[in-house]
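Asks: To be precise about what I am sending: the file is called structure-v5.cif and holds mmCIF, C-alpha atoms.
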data_target
loop_
_atom_site.group_PDB
_atom_site.id
_atom_site.type_symbol
_atom_site.label_atom_id
_atom_site.label_comp_id
_atom_site.auth_asym_id
_atom_site.auth_seq_id
_atom_site.Cartn_x
_atom_site.Cartn_y
_atom_site.Cartn_z
ATOM 1 C CA MET A 30 99.895 5.545 -47.905
ATOM 2 C CA PRO A 31 100.832 3.776 -44.661
ATOM 3 C CA SER A 32 100.857 0.026 -44.801
ATOM 4 C CA PRO A 33 98.168 -1.791 -42.806
ATOM 5 C CA THR A 34 99.257 -2.614 -39.301
ATOM 6 C CA THR A 35 98.869 -6.313 -39.996
ATOM 7 C CA THR A 36 101.721 -6.304 -42.580
ATOM 8 C CA ARG A 37 104.397 -4.702 -40.352
ATOM 9 C CA PRO A 38 105.402 -5.581 -36.813
ATOM 10 C CA ARG A 39 103.915 -3.408 -34.121
ATOM 11 C CA PRO A 40 106.362 -1.574 -31.847
ATOM 12 C CA LEU A 41 106.955 -3.473 -28.622
ATOM 13 C CA SER A 42 107.985 -2.123 -25.242
ATOM 14 C CA PRO A 43 111.306 -3.518 -23.979
ATOM 15 C CA ASN A 44 111.122 -6.744 -22.043
ATOM 16 C CA ILE A 45 111.102 -6.532 -18.254
ATOM 17 C CA GLN A 46 114.672 -7.933 -17.995
ATOM 18 C CA ILE A 47 115.993 -4.783 -19.724
ATOM 19 C CA TYR A 48 115.280 -2.643 -16.688
ATOM 20 C CA ARG A 49 117.530 -2.397 -13.627
ATOM 21 C CA PRO A 50 115.561 -3.611 -10.598
ATOM 22 C CA GLN A 51 114.535 -0.722 -8.344
ATOM 23 C CA LEU A 52 112.948 -0.755 -4.884
ATOM 24 C CA THR A 53 109.646 0.373 -6.416
ATOM 25 C CA SER A 54 109.486 -2.329 -9.100
ATOM 26 C CA VAL A 55 110.797 -5.080 -6.792
ATOM 27 C CA LEU A 56 108.200 -4.248 -4.097
ATOM 28 C CA SER A 57 105.477 -4.105 -6.750
ATOM 29 C CA ILE A 58 106.133 -7.648 -8.002
ATOM 30 C CA LEU A 59 106.836 -8.980 -4.483
ATOM 31 C CA ASP A 60 103.423 -7.663 -3.360
ATOM 32 C CA ARG A 61 101.859 -9.666 -6.183
ATOM 33 C CA ILE A 62 103.901 -12.822 -5.549
ATOM 34 C CA ALA A 63 103.066 -12.572 -1.819
ATOM 35 C CA GLY A 64 99.361 -12.281 -2.699
ATOM 36 C CA VAL A 65 99.432 -15.365 -4.921
ATOM 37 C CA PHE A 66 101.461 -17.303 -2.324
ATOM 38 C CA LEU A 67 98.975 -16.276 0.400
ATOM 39 C CA SER A 68 96.154 -17.598 -1.824
ATOM 40 C CA ALA A 69 97.827 -21.021 -1.635
ATOM 41 C CA CYS A 70 98.222 -20.569 2.142
ATOM 42 C CA ALA A 71 94.483 -19.816 2.369
ATOM 43 C CA VAL A 72 93.844 -23.308 0.961
ATOM 44 C CA VAL A 73 95.989 -24.743 3.795
ATOM 45 C CA LEU A 74 94.000 -22.633 6.287
ATOM 46 C CA VAL A 75 90.749 -24.254 5.099
ATOM 47 C CA VAL A 76 92.299 -27.757 5.150
ATOM 48 C CA TRP A 77 93.431 -27.059 8.736
ATOM 49 C CA LEU A 78 89.935 -25.840 9.801
ATOM 50 C CA VAL A 79 88.163 -28.775 8.104
ATOM 51 C CA ALA A 80 90.585 -31.144 9.880
ATOM 52 C CA ALA A 81 89.837 -29.413 13.203
ATOM 53 C CA ALA A 82 86.101 -29.869 12.559
ATOM 54 C CA SER A 83 86.618 -33.529 11.589
ATOM 55 C CA GLY A 84 88.200 -34.579 14.878
ATOM 56 C CA PRO A 85 91.420 -35.011 16.858
ATOM 57 C CA GLN A 86 93.004 -37.593 14.467
ATOM 58 C CA ALA A 87 92.592 -35.484 11.312
ATOM 59 C CA TYR A 88 93.723 -32.387 13.215
ATOM 60 C CA ALA A 89 96.809 -34.172 14.562
ATOM 61 C CA ALA A 90 97.772 -35.269 11.029
ATOM 62 C CA VAL A 91 97.534 -31.731 9.595
ATOM 63 C CA GLN A 92 99.232 -30.277 12.689
ATOM 64 C CA ALA A 93 102.115 -32.774 12.287
ATOM 65 C CA ALA A 94 102.565 -31.679 8.657
ATOM 66 C CA ILE A 95 102.596 -27.994 9.698
ATOM 67 C CA GLU A 96 105.068 -28.679 12.538
ATOM 68 C CA SER A 97 107.476 -30.674 10.333
ATOM 69 C CA TRP A 98 110.618 -28.771 9.359
ATOM 70 C CA ILE A 99 109.368 -28.195 5.800
ATOM 71 C CA GLY A 100 106.014 -27.093 7.227
ATOM 72 C CA ARG A 101 107.787 -24.615 9.493
ATOM 73 C CA ILE A 102 109.785 -23.190 6.561
ATOM 74 C CA VAL A 103 106.554 -22.706 4.569
ATOM 75 C CA LEU A 104 104.873 -21.200 7.655
ATOM 76 C CA PHE A 105 107.787 -18.784 8.113
ATOM 77 C CA GLY A 106 107.499 -17.832 4.425
ATOM 78 C CA ALA A 107 103.750 -17.412 4.877
ATOM 79 C CA THR A 108 104.344 -15.129 7.886
ATOM 80 C CA PHE A 109 106.703 -12.918 5.870
ATOM 81 C CA ALA A 110 104.358 -12.958 2.843
ATOM 82 C CA PHE A 111 101.452 -11.978 5.125
ATOM 83 C CA PHE A 112 103.240 -9.057 6.782
ATOM 84 C CA SER A 113 104.732 -7.777 3.508
ATOM 85 C CA HIS A 114 101.349 -7.995 1.743
ATOM 86 C CA LEU A 115 99.719 -6.294 4.759
ATOM 87 C CA CYS A 116 102.280 -3.457 4.868
ATOM 88 C CA GLY A 117 102.355 -3.179 1.068
ATOM 89 C CA GLY A 118 98.550 -3.126 1.053
ATOM 90 C CA ILE A 119 98.437 -0.307 3.621
ATOM 91 C CA ARG A 120 100.946 1.580 1.404
ATOM 92 C CA HIS A 121 98.558 1.081 -1.538
ATOM 93 C CA LEU A 122 95.576 2.289 0.531
ATOM 94 C CA ILE A 123 97.526 5.472 1.407
ATOM 95 C CA TRP A 124 98.304 5.954 -2.307
ATOM 96 C CA ASP A 125 94.562 5.562 -3.023
ATOM 97 C CA THR A 126 94.007 8.743 -0.969
ATOM 98 C CA VAL A 127 96.395 10.519 -3.420
ATOM 99 C CA HIS A 128 99.163 10.923 -0.823
ATOM 100 C CA GLY A 129 102.829 9.918 -0.835
ATOM 101 C CA PHE A 130 103.529 9.930 -4.577
ATOM 102 C CA GLU A 131 106.642 12.142 -4.416
ATOM 103 C CA LEU A 132 109.820 10.187 -5.241
ATOM 104 C CA ARG A 133 111.175 10.764 -1.717
ATOM 105 C CA SER A 134 107.905 9.593 -0.090
ATOM 106 C CA ILE A 135 107.765 6.546 -2.390
ATOM 107 C CA TYR A 136 111.224 5.419 -1.234
ATOM 108 C CA ILE A 137 110.570 6.199 2.449
ATOM 109 C CA SER A 138 107.324 4.182 2.431
ATOM 110 C CA GLY A 139 109.017 1.441 0.374
ATOM 111 C CA TRP A 140 111.849 0.956 2.882
ATOM 112 C CA ALA A 141 109.307 1.250 5.719
ATOM 113 C CA VAL A 142 107.437 -1.722 4.202
ATOM 114 C CA VAL A 143 110.679 -3.755 3.970
ATOM 115 C CA VAL A 144 111.741 -2.982 7.559
ATOM 116 C CA ALA A 145 108.236 -3.430 9.033
ATOM 117 C CA SER A 146 107.745 -6.771 7.225
ATOM 118 C CA VAL A 147 111.047 -8.179 8.525
ATOM 119 C CA VAL A 148 110.564 -6.831 12.070
ATOM 120 C CA LEU A 149 106.945 -8.072 12.342
ATOM 121 C CA THR A 150 107.866 -11.529 10.944
ATOM 122 C CA VAL A 151 110.759 -11.949 13.404
ATOM 123 C CA ALA A 152 108.630 -10.535 16.264
ATOM 124 C CA ALA A 153 105.784 -12.985 15.510
ATOM 125 C CA TRP A 154 108.167 -15.985 15.636
ATOM 126 C CA VAL A 155 110.004 -14.721 18.711
ATOM 127 C CA VAL A 156 106.724 -14.231 20.605
ATOM 128 C CA SER A 157 105.483 -17.644 19.402
ATOM 129 C CA ALA A 158 108.769 -19.262 20.541
ATOM 130 C CA SER A 159 108.490 -17.518 23.914
ATOM 131 C CA MET A 160 105.049 -19.148 24.276
ATOM 132 C CA GLY A 161 106.944 -22.451 24.138
ATOM 133 C CA GLY A 162 106.605 -23.404 20.455
ATOM 134 C CA MET B 1 64.957 11.421 -43.305
ATOM 135 C CA ALA B 2 63.093 12.357 -40.138
ATOM 136 C CA SER B 3 64.906 9.726 -38.140
ATOM 137 C CA GLN B 4 68.216 10.900 -39.636
ATOM 138 C CA ASN B 5 67.549 14.424 -38.314
ATOM 139 C CA ARG B 6 66.591 13.067 -34.925
ATOM 140 C CA GLN B 7 69.968 11.264 -34.761
ATOM 141 C CA ASN B 8 71.828 14.507 -35.513
ATOM 142 C CA MET B 9 69.799 16.436 -32.946
ATOM 143 C CA ARG B 10 71.292 14.334 -30.151
ATOM 144 C CA SER B 11 74.162 16.033 -28.376
ATOM 145 C CA PRO B 12 77.607 14.368 -28.460
ATOM 146 C CA LEU B 13 77.334 13.792 -24.694
ATOM 147 C CA ALA B 14 74.002 12.000 -25.055
ATOM 148 C CA ARG B 15 75.522 9.691 -27.675
ATOM 149 C CA ALA B 16 78.654 9.023 -25.575
ATOM 150 C CA ILE B 17 76.937 8.293 -22.256
ATOM 151 C CA GLY B 18 76.646 4.591 -21.638
ATOM 152 C CA LEU B 19 79.180 3.659 -24.311
ATOM 153 C CA GLY B 20 82.727 2.451 -23.787
ATOM 154 C CA SER B 21 84.311 0.119 -21.304
ATOM 155 C CA ALA B 22 84.441 2.394 -18.244
ATOM 156 C CA LYS B 23 80.938 1.892 -16.892
ATOM 157 C CA GLU B 24 81.420 -0.577 -14.063
ATOM 158 C CA GLY B 25 85.192 -0.831 -13.760
ATOM 159 C CA ILE B 26 85.198 0.866 -10.374
ATOM 160 C CA GLY B 27 83.236 -2.022 -8.798
ATOM 161 C CA PRO B 28 85.962 -4.692 -8.424
ATOM 162 C CA TRP B 29 88.575 -2.000 -7.650
ATOM 163 C CA TRP B 30 86.449 -0.643 -4.809
ATOM 164 C CA ALA B 31 85.555 -4.135 -3.538
ATOM 165 C CA GLU B 32 89.264 -5.018 -3.374
ATOM 166 C CA ARG B 33 89.890 -1.929 -1.170
ATOM 167 C CA VAL B 34 86.904 -2.561 1.110
ATOM 168 C CA SER B 35 87.904 -6.221 1.629
ATOM 169 C CA ALA B 36 91.526 -5.104 2.188
ATOM 170 C CA ILE B 37 90.452 -2.681 4.938
ATOM 171 C CA ALA B 38 88.348 -5.435 6.556
ATOM 172 C CA LEU B 39 91.291 -7.850 6.396
ATOM 173 C CA VAL B 40 93.674 -5.551 8.333
ATOM 174 C CA PRO B 41 92.020 -6.082 11.765
ATOM 175 C CA LEU B 42 90.764 -9.606 10.932
ATOM 176 C CA THR B 43 94.174 -11.007 9.892
ATOM 177 C CA LEU B 44 96.006 -9.247 12.750
ATOM 178 C CA TRP B 45 93.488 -10.728 15.211
ATOM 179 C CA PHE B 46 93.968 -14.152 13.596
ATOM 180 C CA ALA B 47 97.787 -13.938 13.710
ATOM 181 C CA ALA B 48 97.736 -12.817 17.365
ATOM 182 C CA SER B 49 95.266 -15.596 18.281
ATOM 183 C CA ILE B 50 97.310 -18.317 16.552
ATOM 184 C CA ILE B 51 100.515 -17.102 18.243
ATOM 185 C CA ALA B 52 98.700 -17.112 21.617
ATOM 186 C CA HIS B 53 97.674 -20.746 20.929
ATOM 187 C CA THR B 54 101.210 -21.898 20.031
ATOM 188 C CA ARG B 55 101.244 -24.528 22.805
ATOM 189 C CA SER B 56 97.494 -25.274 22.885
ATOM 190 C CA ASP B 57 96.340 -28.856 22.378
ATOM 191 C CA TYR B 58 93.326 -29.843 20.264
ATOM 192 C CA ALA B 59 90.779 -29.551 23.096
ATOM 193 C CA THR B 60 91.952 -26.068 24.128
ATOM 194 C CA PHE B 61 91.935 -24.898 20.520
ATOM 195 C CA ILE B 62 88.377 -26.204 19.947
ATOM 196 C CA VAL B 63 87.108 -24.591 23.178
ATOM 197 C CA TRP B 64 88.529 -21.280 21.934
ATOM 198 C CA LEU B 65 86.956 -21.697 18.444
ATOM 199 C CA ARG B 66 83.569 -22.313 20.129
ATOM 200 C CA THR B 67 83.539 -18.881 21.762
ATOM 201 C CA PRO B 68 81.172 -16.569 19.841
ATOM 202 C CA LEU B 69 83.876 -13.936 19.247
ATOM 203 C CA ALA B 70 86.330 -16.432 17.739
ATOM 204 C CA ALA B 71 83.646 -18.076 15.563
ATOM 205 C CA ILE B 72 82.306 -14.729 14.286
ATOM 206 C CA MET B 73 85.788 -13.341 13.606
ATOM 207 C CA MET B 74 86.855 -16.549 11.805
ATOM 208 C CA ILE B 75 83.749 -16.514 9.559
ATOM 209 C CA LEU B 76 84.254 -12.810 8.758
ATOM 210 C CA LEU B 77 87.942 -13.534 8.061
ATOM 211 C CA LEU B 78 87.120 -16.402 5.687
ATOM 212 C CA ILE B 79 84.537 -14.351 3.740
ATOM 213 C CA ALA B 80 86.768 -11.246 3.426
ATOM 214 C CA LEU B 81 89.868 -13.358 2.707
ATOM 215 C CA PHE B 82 88.393 -15.376 -0.150
ATOM 216 C CA TYR B 83 86.520 -12.374 -1.580
ATOM 217 C CA HIS B 84 89.842 -10.466 -1.659
ATOM 218 C CA THR B 85 91.673 -13.553 -2.991
ATOM 219 C CA ALA B 86 89.202 -13.985 -5.871
ATOM 220 C CA LEU B 87 89.537 -10.313 -6.864
ATOM 221 C CA GLY B 88 93.332 -10.360 -6.564
ATOM 222 C CA LEU B 89 93.807 -13.593 -8.494
ATOM 223 C CA GLN B 90 91.506 -12.293 -11.256
ATOM 224 C CA VAL B 91 93.710 -9.188 -11.692
ATOM 225 C CA VAL B 92 96.852 -11.346 -11.825
ATOM 226 C CA ILE B 93 95.282 -13.775 -14.319
ATOM 227 C CA GLU B 94 94.024 -10.950 -16.554
ATOM 228 C CA ASP B 95 97.507 -9.385 -16.571
ATOM 229 C CA TYR B 96 99.479 -12.500 -17.519
ATOM 230 C CA VAL B 97 97.113 -14.905 -19.319
ATOM 231 C CA HIS B 98 96.111 -13.735 -22.781
ATOM 232 C CA SER B 99 94.741 -16.922 -24.345
ATOM 233 C CA ALA B 100 91.307 -18.492 -24.122
ATOM 234 C CA THR B 101 92.453 -20.130 -20.878
ATOM 235 C CA LYS B 102 92.106 -16.671 -19.272
ATOM 236 C CA PHE B 103 88.345 -17.114 -18.850
ATOM 237 C CA ALA B 104 88.730 -20.679 -17.619
ATOM 238 C CA ALA B 105 91.344 -19.534 -15.087
ATOM 239 C CA VAL B 106 89.209 -16.615 -13.829
ATOM 240 C CA ILE B 107 86.153 -18.872 -13.490
ATOM 241 C CA ALA B 108 88.239 -21.553 -11.722
ATOM 242 C CA ALA B 109 89.674 -18.955 -9.305
ATOM 243 C CA ARG B 110 86.222 -17.568 -8.490
ATOM 244 C CA LEU B 111 84.549 -20.955 -8.056
ATOM 245 C CA GLY B 112 87.533 -22.244 -6.059
ATOM 246 C CA CYS B 113 87.366 -19.251 -3.704
ATOM 247 C CA CYS B 114 83.596 -19.716 -3.259
ATOM 248 C CA ALA B 115 84.072 -23.417 -2.502
ATOM 249 C CA LEU B 116 86.955 -22.832 -0.056
ATOM 250 C CA ALA B 117 85.132 -20.027 1.769
ATOM 251 C CA THR B 118 82.040 -22.244 2.122
ATOM 252 C CA ALA B 119 84.102 -25.225 3.331
ATOM 253 C CA GLY B 120 85.863 -23.014 5.889
ATOM 254 C CA VAL B 121 82.644 -21.417 7.176
ATOM 255 C CA VAL B 122 80.929 -24.829 7.466
ATOM 256 C CA ALA B 123 83.967 -26.155 9.390
ATOM 257 C CA ILE B 124 83.746 -23.223 11.848
ATOM 258 C CA LEU B 125 79.963 -23.717 12.237
ATOM 259 C CA ARG B 126 80.439 -27.469 12.863
ATOM 260 C CA ILE B 127 82.927 -26.663 15.630
ATOM 261 C CA ALA B 128 80.949 -23.737 17.074
ATOM 262 C CA LEU B 129 77.552 -25.466 17.095
ATOM 263 C CA SER B 130 78.588 -29.004 18.071
ATOM 264 C CA GLY B 131 77.958 -30.213 21.622
#
Would it be possible to restate this file's structure as structure tokens?

Replies:
Amino acid sequence: MPSPTTTRPRPLSPNIQIYRPQLTSVLSILDRIAGVFLSACAVVLVVWLVAAASGPQAYAAVQAAIESWIGRIVLFGATFAFFSHLCGGIRHLIWDTVHGFELRSIYISGWAVVVASVVLTVAAWVVSASMGG
Amino acid sequence: MASQNRQNMRSPLARAIGLGSAKEGIGPWWAERVSAIALVPLTLWFAASIIAHTRSDYATFIVWLRTPLAAIMMILLLIALFYHTALGLQVVIEDYVHSATKFAAVIAARLGCCALATAGVVAILRIALSG
């Protein structure tokens, strides 16, 4: 007679730290972290728009915070988070059509997301700087 | 006895239909995809617009936000963005929070997204419809 499950410990899957990080798992969690970080950025977006609606003084205050060096670092992080979540999201939408699940395709699309995110982030800041920012 | 027989006359399929947890699960999953597809052009337009306005002062920026295209795109962006954010945060919360605070966190995320989307849309309307 097997003992009731409550009297013996249930088998547990190994903790996440056991596994060697792979491109697939790293991109998976980065996509999530980027999404949560972008949620916080969305709050800043609304603060910025409400300040713009309130008048030049409120807008100047928020704009000064964004243009401070710490603001610029966060904005750069937000740019990278945006492009990686965008590219990662497009990868997910392709998977939703039941395409690209072969191991080779998974790694090609994974590295494509990494390269595209970096290139688009740098391109966005280079173009912005060329506008005189 | 009659009712007992009636129960047994039902086919297994008839008894199974409508039971279980997989009745409406596709809804949020589908909504996350639809909002994601909407956000691709909306966020790219927003990023391009903000980059184009790198050197713009307040007055120039406001004049741009007052154009119908900018106002409409910004409102669509805010609605799709916070709809997608609410769905995404709910998935994250449900995956990592297993205590009673899970429900409080999901409700807070949803209400927060509703409030932020409304505040953003009202801000755009104030700019677009003023003067």

Asks: Select from chain B every residue with an atom at most 7 Å from any atom of chain A, then for each give the shortest pair of atoms and their distance in Å to one decimal, using all atoms listed in the file, rows by chain and rising number, as JSON lines.

Replies:
{"residue": "B:Ile51", "atom": "CA", "partner": "A:Ser157", "partner_atom": "CA", "distance": 5.1}
{"residue": "B:Thr54", "atom": "CA", "partner": "A:Gly162", "partner_atom": "CA", "distance": 5.6}
{"residue": "B:Arg55", "atom": "CA", "partner": "A:Gly162", "partner_atom": "CA", "distance": 6.0}
{"residue": "B:Tyr58", "atom": "CA", "partner": "A:Pro85", "partner_atom": "CA", "distance": 6.5}
{"residue": "B:Thr85", "atom": "CA", "partner": "A:Ser68", "partner_atom": "CA", "distance": 6.1}
{"residue": "B:Leu89", "atom": "CA", "partner": "A:Val65", "partner_atom": "CA", "distance": 6.9}
{"residue": "B:Leu116", "atom": "CA", "partner": "A:Val75", "partner_atom": "CA", "distance": 6.6}
{"residue": "B:Ala119", "atom": "CA", "partner": "A:Val75", "partner_atom": "CA", "distance": 6.9}
{"residue": "B:Gly120", "atom": "CA", "partner": "A:Val75", "partner_atom": "CA", "distance": 5.1}
{"residue": "B:Ala123", "atom": "CA", "partner": "A:Val79", "partner_atom": "CA", "distance": 5.1}
{"residue": "B:Arg126", "atom": "CA", "partner": "A:Ala82", "partner_atom": "CA", "distance": 6.2}
{"residue": "B:Ile127", "atom": "CA", "partner": "A:Ala82", "partner_atom": "CA", "distance": 5.5}

Asks: Give one line per residue of segment 134-161 of chain A that approaches segment 51-59 of chain A to at most 10 Å, naming the two atoms of the closest pair and their distance in Å to one decimal, counting only C-alpha atoms; sort by chain then ascending residue number and deliver it as a tab-separated table.

Replies:
residue	atom	partner	partner_atom	distance
A:Ile135	CA	A:Thr53	CA	7.6
A:Tyr136	CA	A:Leu52	CA	7.4
A:Ser138	CA	A:Thr53	CA	9.9
A:Gly139	CA	A:Thr53	CA	6.9
A:Trp140	CA	A:Leu52	CA	8.0
A:Val142	CA	A:Leu56	CA	8.7
A:Val143	CA	A:Leu56	CA	8.5

Asks: Using atom CA of Val121 of chain B and atom CA of Phe82 of chain B as the two end points, give the distance in Å to one decimal.

Replies: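 These atoms are spaced 11.1 Å apart.
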
Asks: Between atom CA of Ile124 of chain B and atom CA of Leu65 of chain B, measure the distance and give it in Å to one decimal.

Replies: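 Value for the atom CA of Ile124 of chain B-atom CA of Leu65 of chain B distance: 7.5 Å.
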
Asks: At what distance in Å, to one decimal, does atom CA of Glu94 of chain B lie from atom CA of Ala117 of chain B?

Replies: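 The value is 22.3 Å.
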
Asks: Could you tell me which residues the PyMOL selection byres ((chain B and resi 35) around 10) returns for this structure, as JSON, numbers by chain?

Replies: {"B": [30, 31, 32, 33, 34, 36, 37, 38, 39, 40, 77, 79, 80, 81, 82, 83, 84, 85, 87]}

Asks: Based on the selection just made, write C-alpha atoms of those residues as a PDB file, keeping the file's coordinate frame.

Replies:
ATOM      1  CA  TRP B  30      86.449  -0.643  -4.809  1.00  0.00           C
ATOM      2  CA  ALA B  31      85.555  -4.135  -3.538  1.00  0.00           C
ATOM      3  CA  GLU B  32      89.264  -5.018  -3.374  1.00  0.00           C
ATOM      4  CA  ARG B  33      89.890  -1.929  -1.170  1.00  0.00           C
ATOM      5  CA  VAL B  34      86.904  -2.561   1.110  1.00  0.00           C
ATOM      6  CA  ALA B  36      91.526  -5.104   2.188  1.00  0.00           C
ATOM      7  CA  ILE B  37      90.452  -2.681   4.938  1.00  0.00           C
ATOM      8  CA  ALA B  38      88.348  -5.435   6.556  1.00  0.00           C
ATOM      9  CA  LEU B  39      91.291  -7.850   6.396  1.00  0.00           C
ATOM     10  CA  VAL B  40      93.674  -5.551   8.333  1.00  0.00           C
ATOM     11  CA  LEU B  77      87.942 -13.534   8.061  1.00  0.00           C
ATOM     12  CA  ILE B  79      84.537 -14.351   3.740  1.00  0.00           C
ATOM     13  CA  ALA B  80      86.768 -11.246   3.426  1.00  0.00           C
ATOM     14  CA  LEU B  81      89.868 -13.358   2.707  1.00  0.00           C
ATOM     15  CA  PHE B  82      88.393 -15.376  -0.150  1.00  0.00           C
ATOM     16  CA  TYR B  83      86.520 -12.374  -1.580  1.00  0.00           C
ATOM     17  CA  HIS B  84      89.842 -10.466  -1.659  1.00  0.00           C
ATOM     18  CA  THR B  85      91.673 -13.553  -2.991  1.00  0.00           C
ATOM     19  CA  LEU B  87      89.537 -10.313  -6.864  1.00  0.00           C
TER      20      LEU B  87
END

Asks: Between B:Ile75, B:Val106, B:Val92, B:Ala86, which has the minimum distance to Thr43 of chain B (counting all atoms listed in the file)?

Replies: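 Looking at the shortest contact to Thr43 of chain B, the residue is B:Ile75.
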
Asks: I'd like the box whose edges run along x, y and z of the file and which contains every listed atom of segment 99-114 of chain B, padded by 3 Å per side; could you state its centre and edge lengths in Å, one decimal, as lines of an AutoDock Vina configuration file?

Replies:
center_x = 89.2
center_y = -19.4
center_z = -13.8
size_x = 17.1
size_y = 11.6
size_z = 27.1
